[in-house]
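Trainee: Next comes the structure file work_0.cif, holding mmCIF, C-alpha atoms and all ligand atoms.
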```cif
data_structure
#
loop_
_atom_site.label_atom_id
_atom_site.label_comp_id
_atom_site.auth_asym_id
_atom_site.auth_seq_id
_atom_site.Cartn_x
_atom_site.Cartn_y
_atom_site.Cartn_z
CA MET A 22 20.20 22.66 78.84
CA SER A 23 23.39 23.30 76.81
CA ALA A 24 25.06 26.70 76.44
CA THR A 25 23.15 29.36 74.53
CA PRO A 26 24.52 29.55 70.99
CA ARG A 27 26.31 32.70 69.89
CA LEU A 28 23.95 35.00 67.99
CA VAL A 29 25.49 36.81 65.02
CA THR A 30 23.71 39.17 62.65
CA THR A 31 26.36 40.35 60.17
CA ARG A 32 28.37 38.67 57.44
CA SER A 33 31.68 39.68 59.03
CA GLU A 34 30.75 38.35 62.50
CA LEU A 35 29.74 35.09 60.87
CA ALA A 36 33.00 34.82 58.92
CA ASP A 37 35.09 35.69 62.00
CA ALA A 38 33.31 33.07 64.11
CA LEU A 39 33.99 30.29 61.60
CA THR A 40 37.38 31.00 60.04
CA ALA A 41 39.62 29.53 62.76
CA ARG A 42 37.56 26.38 63.12
CA ARG A 43 37.45 25.82 59.38
CA GLN A 44 41.24 26.34 59.24
CA ALA A 45 41.62 23.78 62.02
CA GLY A 46 40.05 21.27 59.65
CA GLU A 47 36.66 21.04 61.38
CA ARG A 48 33.60 20.24 59.26
CA VAL A 49 30.90 22.92 59.28
CA GLY A 50 27.25 21.80 59.56
CA PHE A 51 24.38 24.05 58.54
CA VAL A 52 20.60 24.08 59.03
CA PRO A 53 18.93 26.97 57.17
CA THR A 54 15.55 27.97 58.64
CA MET A 55 13.03 30.78 58.69
CA GLY A 56 12.72 30.48 62.47
CA ALA A 57 9.49 29.61 64.34
CA LEU A 58 11.44 26.47 65.18
CA HIS A 59 9.81 23.21 66.31
CA GLU A 60 10.75 19.57 66.88
CA GLY A 61 11.10 19.06 63.12
CA HIS A 62 13.88 21.65 62.98
CA ALA A 63 15.45 20.15 66.12
CA SER A 64 15.69 16.82 64.30
CA LEU A 65 17.53 18.53 61.42
CA MET A 66 20.03 19.92 63.94
CA THR A 67 20.49 16.47 65.48
CA ARG A 68 21.19 15.08 62.03
CA ALA A 69 23.66 17.86 61.19
CA ARG A 70 25.45 17.28 64.51
CA GLU A 71 25.80 13.58 63.68
CA GLU A 72 27.40 14.56 60.38
CA VAL A 73 29.99 17.05 61.72
CA GLY A 74 30.78 15.54 65.13
CA SER A 75 32.35 18.27 67.26
CA GLY A 76 32.60 20.68 64.29
CA PRO A 77 30.67 23.96 64.34
CA LEU A 78 26.91 23.72 63.81
CA VAL A 79 25.29 26.84 62.34
CA VAL A 80 21.56 27.57 62.15
CA SER A 81 20.28 30.53 60.13
CA VAL A 82 17.04 32.24 61.09
CA PHE A 83 15.93 34.43 58.22
CA VAL A 84 12.42 35.03 56.87
CA ASN A 85 13.34 35.39 53.21
CA PRO A 86 11.11 37.97 51.51
CA LEU A 87 12.17 36.75 48.05
CA GLN A 88 10.31 33.44 48.41
CA PHE A 89 6.93 34.97 49.36
CA GLY A 90 4.50 36.00 46.64
CA PRO A 91 2.07 38.93 46.77
CA GLY A 92 -0.74 38.17 49.22
CA GLU A 93 1.24 35.40 50.97
CA ASP A 94 2.03 35.37 54.69
CA LEU A 95 5.37 37.28 54.76
CA ASP A 96 4.09 39.90 57.22
CA ARG A 97 2.39 37.50 59.59
CA TYR A 98 5.04 34.74 59.40
CA PRO A 99 5.85 34.00 63.07
CA ARG A 100 9.08 35.59 64.35
CA THR A 101 10.10 33.97 67.64
CA LEU A 102 13.86 34.48 67.98
CA ASP A 103 14.08 34.01 71.78
CA ALA A 104 12.25 30.68 71.65
CA ASP A 105 14.32 29.70 68.58
CA LEU A 106 17.55 30.31 70.51
CA GLU A 107 16.31 28.03 73.29
CA ILE A 108 15.64 25.21 70.84
CA CYS A 109 19.08 25.74 69.28
CA ALA A 110 20.67 25.66 72.75
CA GLY A 111 18.96 22.34 73.44
CA GLN A 112 20.51 20.92 70.27
CA GLY A 113 24.06 22.12 70.96
CA VAL A 114 24.06 24.65 68.11
CA ASP A 115 27.20 26.81 68.14
CA LEU A 116 26.12 29.76 66.05
CA VAL A 117 22.77 31.28 65.09
CA PHE A 118 22.96 33.62 62.11
CA ALA A 119 19.93 35.94 62.15
CA PRO A 120 20.65 38.71 59.63
CA ALA A 121 18.47 41.69 58.71
CA VAL A 122 17.05 41.76 55.18
CA GLU A 123 19.61 44.41 54.09
CA GLU A 124 22.47 42.17 55.24
CA VAL A 125 21.35 39.40 52.90
CA TYR A 126 20.05 41.67 50.12
CA PRO A 127 22.20 44.86 50.07
CA THR A 128 20.30 45.80 46.90
CA TRP A 129 16.61 45.11 46.63
CA PRO A 130 15.35 43.45 44.57
CA PRO A 131 18.42 41.34 43.82
CA VAL A 132 19.53 41.57 40.19
CA VAL A 133 21.04 38.11 39.86
CA THR A 134 18.90 35.20 41.06
CA VAL A 135 18.97 31.41 40.69
CA ASP A 136 16.66 29.94 38.04
CA PRO A 137 15.23 26.62 39.28
CA GLY A 138 14.51 25.40 35.73
CA PRO A 139 11.34 23.50 34.75
CA LEU A 140 10.94 21.80 38.14
CA GLY A 141 10.44 25.24 39.65
CA SER A 142 7.09 25.75 37.94
CA VAL A 143 5.27 22.49 38.72
CA LEU A 144 3.54 21.36 41.93
CA ASP A 145 4.17 24.12 44.50
CA GLY A 146 5.88 26.22 41.84
CA ALA A 147 2.66 26.30 39.78
CA SER A 148 0.70 27.81 42.69
CA ARG A 149 3.55 29.98 43.95
CA PRO A 150 5.25 31.57 40.91
CA GLY A 151 8.81 32.70 41.73
CA HIS A 152 8.83 30.85 45.06
CA PHE A 153 11.63 28.42 44.21
CA ALA A 154 13.78 31.09 42.56
CA GLY A 155 13.48 32.91 45.90
CA VAL A 156 14.37 29.78 47.89
CA LEU A 157 17.34 28.82 45.70
CA THR A 158 18.68 32.36 45.64
CA VAL A 159 18.70 32.71 49.42
CA VAL A 160 20.07 29.20 49.97
CA ALA A 161 22.89 29.87 47.47
CA LYS A 162 23.68 33.12 49.32
CA LEU A 163 23.60 31.40 52.72
CA PHE A 164 25.83 28.61 51.41
CA GLY A 165 28.23 31.34 50.18
CA LEU A 166 28.24 33.03 53.59
CA VAL A 167 28.38 29.95 55.85
CA ARG A 168 30.40 27.75 53.42
CA PRO A 169 29.13 24.54 55.06
CA ASP A 170 30.45 21.07 54.35
CA VAL A 171 27.03 19.62 54.99
CA ALA A 172 23.54 21.16 55.05
CA VAL A 173 20.38 19.45 56.29
CA PHE A 174 16.85 20.14 55.00
CA GLY A 175 13.53 18.52 55.87
CA GLN A 176 11.85 16.07 53.50
CA LYS A 177 8.54 17.77 54.38
CA ASP A 178 9.45 20.43 51.80
CA TYR A 179 10.30 17.70 49.34
CA GLN A 180 10.31 19.75 46.13
CA GLN A 181 12.54 22.32 47.83
CA LEU A 182 14.94 19.54 48.88
CA VAL A 183 15.10 18.07 45.36
CA LEU A 184 15.77 21.52 43.87
CA ILE A 185 18.44 22.43 46.42
CA ARG A 186 20.21 19.11 45.82
CA ARG A 187 20.06 19.78 42.10
CA MET A 188 21.39 23.32 42.53
CA ALA A 189 24.28 22.14 44.72
CA ALA A 190 25.22 19.50 42.12
CA ASP A 191 24.68 21.59 38.97
CA LEU A 192 26.45 24.69 40.32
CA CYS A 193 29.24 22.62 41.97
CA LEU A 194 28.66 24.27 45.36
CA GLY A 195 30.73 21.69 47.23
CA VAL A 196 28.16 21.08 49.95
CA ASP A 197 26.64 17.74 50.85
CA VAL A 198 22.83 18.22 50.96
CA ILE A 199 21.02 15.82 53.28
CA GLY A 200 17.25 15.27 53.50
CA ALA A 201 15.96 14.35 56.97
CA GLU A 202 12.73 12.44 57.65
CA THR A 203 9.55 14.42 58.31
CA VAL A 204 8.60 14.63 61.99
CA ARG A 205 4.87 14.09 62.62
CA GLU A 206 2.38 14.59 65.42
CA PRO A 207 1.01 11.29 66.82
CA ASP A 208 -2.09 11.80 64.59
CA GLY A 209 0.09 12.02 61.46
CA LEU A 210 0.11 15.79 60.90
CA ALA A 211 3.53 16.85 59.62
CA LEU A 212 5.16 19.45 61.85
CA SER A 213 5.24 22.88 60.22
CA SER A 214 5.74 26.43 61.44
CA ARG A 215 2.44 27.24 59.70
CA ASN A 216 0.48 24.75 61.86
CA ARG A 217 0.30 27.49 64.48
CA TYR A 218 -2.11 29.39 62.21
CA LEU A 219 -4.70 26.59 62.61
CA ASP A 220 -7.54 26.72 65.13
CA ASP A 221 -8.69 23.51 66.86
CA GLU A 222 -11.20 22.56 64.18
CA GLN A 223 -8.80 23.30 61.33
CA ARG A 224 -6.13 21.30 63.14
CA LEU A 225 -8.46 18.26 62.94
CA HIS A 226 -9.23 18.92 59.27
CA ALA A 227 -5.50 19.17 58.51
CA GLN A 228 -5.04 15.50 59.42
CA ALA A 229 -6.66 14.71 56.05
CA LEU A 230 -3.37 15.43 54.27
CA SER A 231 -1.39 12.66 55.94
CA ARG A 232 -4.42 10.30 55.86
CA THR A 233 -4.64 10.83 52.09
CA LEU A 234 -0.95 10.06 51.60
CA ARG A 235 -1.20 6.93 53.75
CA ALA A 236 -4.21 5.76 51.73
CA ALA A 237 -2.10 6.12 48.57
CA ALA A 238 0.82 4.23 50.13
CA GLU A 239 -1.43 1.38 51.31
CA ALA A 240 -3.08 0.97 47.88
CA ALA A 241 0.18 1.35 45.94
CA SER A 242 0.71 -2.43 45.87
CA TYR A 243 -2.20 -2.49 43.36
CA GLY A 244 -0.53 0.08 41.09
CA VAL A 245 -0.39 3.81 40.39
CA ALA A 246 -4.07 4.23 39.44
CA ALA A 247 -5.22 2.34 42.55
CA ALA A 248 -3.02 4.50 44.78
CA LEU A 249 -4.45 7.69 43.30
CA ASP A 250 -8.04 6.37 43.50
CA ALA A 251 -7.61 5.49 47.18
CA ALA A 252 -6.12 8.88 47.95
CA ARG A 253 -8.93 10.72 46.15
CA ALA A 254 -11.55 8.65 47.98
CA GLU A 255 -9.94 9.56 51.31
CA LEU A 256 -10.03 13.24 50.38
CA ARG A 257 -13.68 13.10 49.30
CA ALA A 258 -14.51 11.69 52.75
CA SER A 259 -12.63 14.54 54.47
CA GLN A 260 -13.97 17.95 55.45
CA GLY A 261 -12.52 21.44 55.50
CA VAL A 262 -9.72 20.78 53.00
CA ASP A 263 -9.46 22.69 49.72
CA LEU A 264 -7.12 20.67 47.47
CA ASP A 265 -4.42 22.38 45.42
CA TYR A 266 -2.71 19.26 44.03
CA LEU A 267 -2.37 15.55 44.70
CA GLU A 268 0.23 13.79 42.56
CA LEU A 269 2.37 10.69 42.37
CA ARG A 270 5.82 11.28 40.90
CA ARG A 271 9.21 9.61 40.77
CA PRO A 272 11.57 10.40 43.68
CA ASP A 273 13.36 12.99 41.49
CA LEU A 274 9.88 14.49 40.79
CA SER A 275 9.86 13.51 37.11
CA PRO A 276 6.47 12.18 35.92
CA LEU A 277 5.43 8.64 36.87
CA ALA A 278 3.73 6.52 34.19
CA GLU A 279 0.75 4.35 35.19
CA ASP A 280 2.37 1.10 34.02
CA VAL A 281 5.71 1.23 35.87
CA PRO A 282 7.17 -2.13 36.94
CA SER A 283 6.50 -3.54 40.38
CA GLY A 284 9.04 -2.27 42.91
CA THR A 285 9.24 1.24 41.42
CA GLN A 286 9.83 3.89 44.08
CA ALA A 287 7.55 6.92 44.02
CA ARG A 288 6.55 9.97 46.02
CA ALA A 289 2.98 11.01 46.79
CA LEU A 290 2.69 14.79 47.20
CA ILE A 291 -0.22 16.90 48.37
CA ALA A 292 -0.93 20.60 48.92
CA ALA A 293 -4.19 21.95 50.28
CA ARG A 294 -5.68 24.94 52.03
CA VAL A 295 -7.23 24.50 55.46
CA GLY A 296 -8.99 27.80 56.15
CA THR A 297 -6.50 30.37 54.89
CA THR A 298 -3.46 28.21 55.67
CA ARG A 299 -1.72 26.40 52.84
CA LEU A 300 -0.20 23.08 53.96
CA ILE A 301 1.97 20.57 52.11
CA ASP A 302 2.99 17.00 52.82
CA ASN A 303 4.49 13.99 51.01
CA LEU A 304 5.27 10.32 51.53
CA SER A 305 7.51 7.81 49.83
CA LEU A 306 5.83 4.65 48.50
CA THR A 307 6.55 1.55 46.45
CA ILE A 308 4.40 0.66 43.44
CA GLY A 309 3.41 -3.00 43.12
CA ARG A 310 4.65 -5.75 45.39
CA PRO A 311 7.36 -4.51 47.76
O1 LIG A 401 12.50 25.65 54.40
C1 LIG A 401 12.70 26.81 54.80
O2 LIG A 401 12.55 27.14 55.97
C2 LIG A 401 13.13 27.88 53.79
O3 LIG A 401 12.54 27.68 52.56
C3 LIG A 401 14.66 27.98 53.65
C4 LIG A 401 15.27 26.72 53.09
C5 LIG A 401 15.28 28.29 55.00
C6 LIG A 401 15.02 29.13 52.70
O4 LIG A 401 14.51 30.34 53.15
#
```
Can I see the file as structure tokens?
Ligand code: PAF

Mentor:
Amino acid sequence: MSATPRLVTTRSELADALTARRQAGERVGFVPTMGALHEGHASLMTRAREEVGSGPLVVSVFVNPLQFGPGEDLDRYPRTLDADLEICAGQGVDLVFAPAVEEVYPTWPPVVTVDPGPLGSVLDGASRPGHFAGVLTVVAKLFGLVRPDVAVFGQKDYQQLVLIRRMAADLCLGVDVIGAETVREPDGLALSSRNRYLDDEQRLHAQALSRTLRAAAEAASYGVAAALDAARAELRASQGVDLDYLELRRPDLSPLAEDVPSGTQARALIAARVGTTRLIDNLSLTIGRP
């Protein structure tokens, strides 16, 4: 195993640890997380390392209260810092930034926040009002503190990725935002920190999400309507899954018409509750003949 990364908890420690290396011209890589790290996060770190070479790689571990709504799982969200540090060590991370809430939000609630615009209130944003304002606000703050050249996010949280890319471009944040492929269990289940809430039976039921997306992708050569029909049929045949949404959209998440030309790229997105756990997943697909 590689050396344990340095753990810093304050803004000034973080700045001190990075200043000299930034001045030496090294590129700073960044993977923001809420901890409870798994192989999916490890793959984001691998990707960030590829981008910055021997430059400093920073991982933040911060359960951001601003992105949780009332009645969501803020209190029970898994906090596993020791295990997280081990995963970071295995990926050659230099610095883990694990601040307290007051370090990130000296005044609570924050007065100035980032408005995600219309894309913040569809799909996940429709079920979780204020969620994406919370995500964008903390990511903007973390970008301001870490000042990375490149930041890597998982495609599993696809709407989050699209919004962060948009924020970085629209607010000229000067950071290259990269989306890394979703890592899946052999049975297709997308890795997620929330999978640990599932019991054995729910774990089996949760496979329906990726099966539904694959059904859409396989039928997409017959068009948008066929893809949606196949996905809905797969869901009807599945047990223990309470659907929130199932949609096909363009890769930038704008609406997708039914009669798009063959070869159009799209994204199938799903959210559903399995027991009390809300899971999301998505898959890229091509409409019509590839
Ligand atoms: O994807 C996550 O873990 C969080 O939404 C993020 C980007 C770290 C912001 O809190």

Trainee: I'd like the neighbourhood of Asp96 of chain A as an NGL selection string, where a residue qualifies if any of its atoms comes within 10 Å (using only C-alpha atoms), though same-chain residues fewer than 4 positions away should be ignored.

Mentor: :A and (84 or 86 or 89 or 92 or 100)

Trainee: So how far away is atom C1 of ligand LIG 401 (chain A) from atom CA of Ile199 of chain A, in Å?

Mentor: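 Separation of atom CA of Ile199 of chain A and atom C1 of ligand LIG 401 (chain A): 13.9 Å.
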
Trainee: Choose the residue, out of A:Leu106, A:Leu300, A:Val79, A:Val204, that has the smallest atom-to-atom separation from Arg217 of chain A; count only C-alpha atoms.

Mentor: A:Leu300

Trainee: So that I can see what lies close to segment 123-131 of chain A, please list as a list in words the residues with an atom at most 12 Å from it, counting all atoms listed in the file and leaving out residues fewer than 4 positions away in the same chain.

Mentor: Val29, Thr30, Thr31, Arg32, Ser33, Glu34, Leu35, Ser81, Val82, Phe83, Val84, Asn85, Pro86, Leu87, Gln88, Phe118, Ala119, Val135, Ala154, Gly155, Thr158, Val159, Val160, Ala161, Lys162, Leu163, Phe164, Gly165 and Leu166 of chain A

Trainee: What's the 10 Å shell around Gly76 of chain A, counting all atoms listed in the file, without same-chain residues fewer than 5 positions away, as an MDAnalysis selection string?

Mentor: chainID A and resid 42:43 45:50 69:71 115

Trainee: Just to be explicit: take each residue in the selection above, keep C-alpha atoms, and write the result as a compact mmCIF listing (two decimals), keeping the file's coordinate frame.

Mentor:
```
# COMPACT_ATOMS: atom_id res chain seq x y z
CA ARG A 42 37.56 26.38 63.12
CA ARG A 43 37.45 25.82 59.38
CA ALA A 45 41.62 23.78 62.02
CA GLY A 46 40.05 21.27 59.65
CA GLU A 47 36.66 21.04 61.38
CA ARG A 48 33.60 20.24 59.26
CA VAL A 49 30.90 22.92 59.28
CA GLY A 50 27.25 21.80 59.56
CA ALA A 69 23.66 17.86 61.19
CA ARG A 70 25.45 17.28 64.51
CA GLU A 71 25.80 13.58 63.68
CA ASP A 115 27.20 26.81 68.14
```

Trainee: Would you compute the box with edges along x, y and z of the file around ligand LIG 401 (chain A), including every atom the file lists for it and 4 Å extra on each side, and give its centre and edge lengths in Å to one decimal, as AutoDock Vina command-line options?

Mentor:
```
--center_x 13.9 --center_y 28.0 --center_z 54.3 --size_x 10.8 --size_y 12.7 --size_z 11.4
```

Trainee: Could you state the separation of atom CA of Glu239 of chain A and atom CA of Arg310 of chain A in Å, given to one decimal place?

Mentor: 11.1 Å

Trainee: Quick one: everything within 8 Å of Pro272 of chain A, counting all atoms listed in the file, minus sequence neighbours fewer than 6 positions away in the same chain. Send it as a PDB file with C-alpha atoms, in the frame of the given file.

Mentor:
```pdb
ATOM      1  CA  GLN A 286       9.830   3.890  44.080  1.00  0.00           C
ATOM      2  CA  ALA A 287       7.550   6.920  44.020  1.00  0.00           C
ATOM      3  CA  ARG A 288       6.550   9.970  46.020  1.00  0.00           C
ATOM      4  CA  SER A 305       7.510   7.810  49.830  1.00  0.00           C
TER       5      SER A 305
END
```
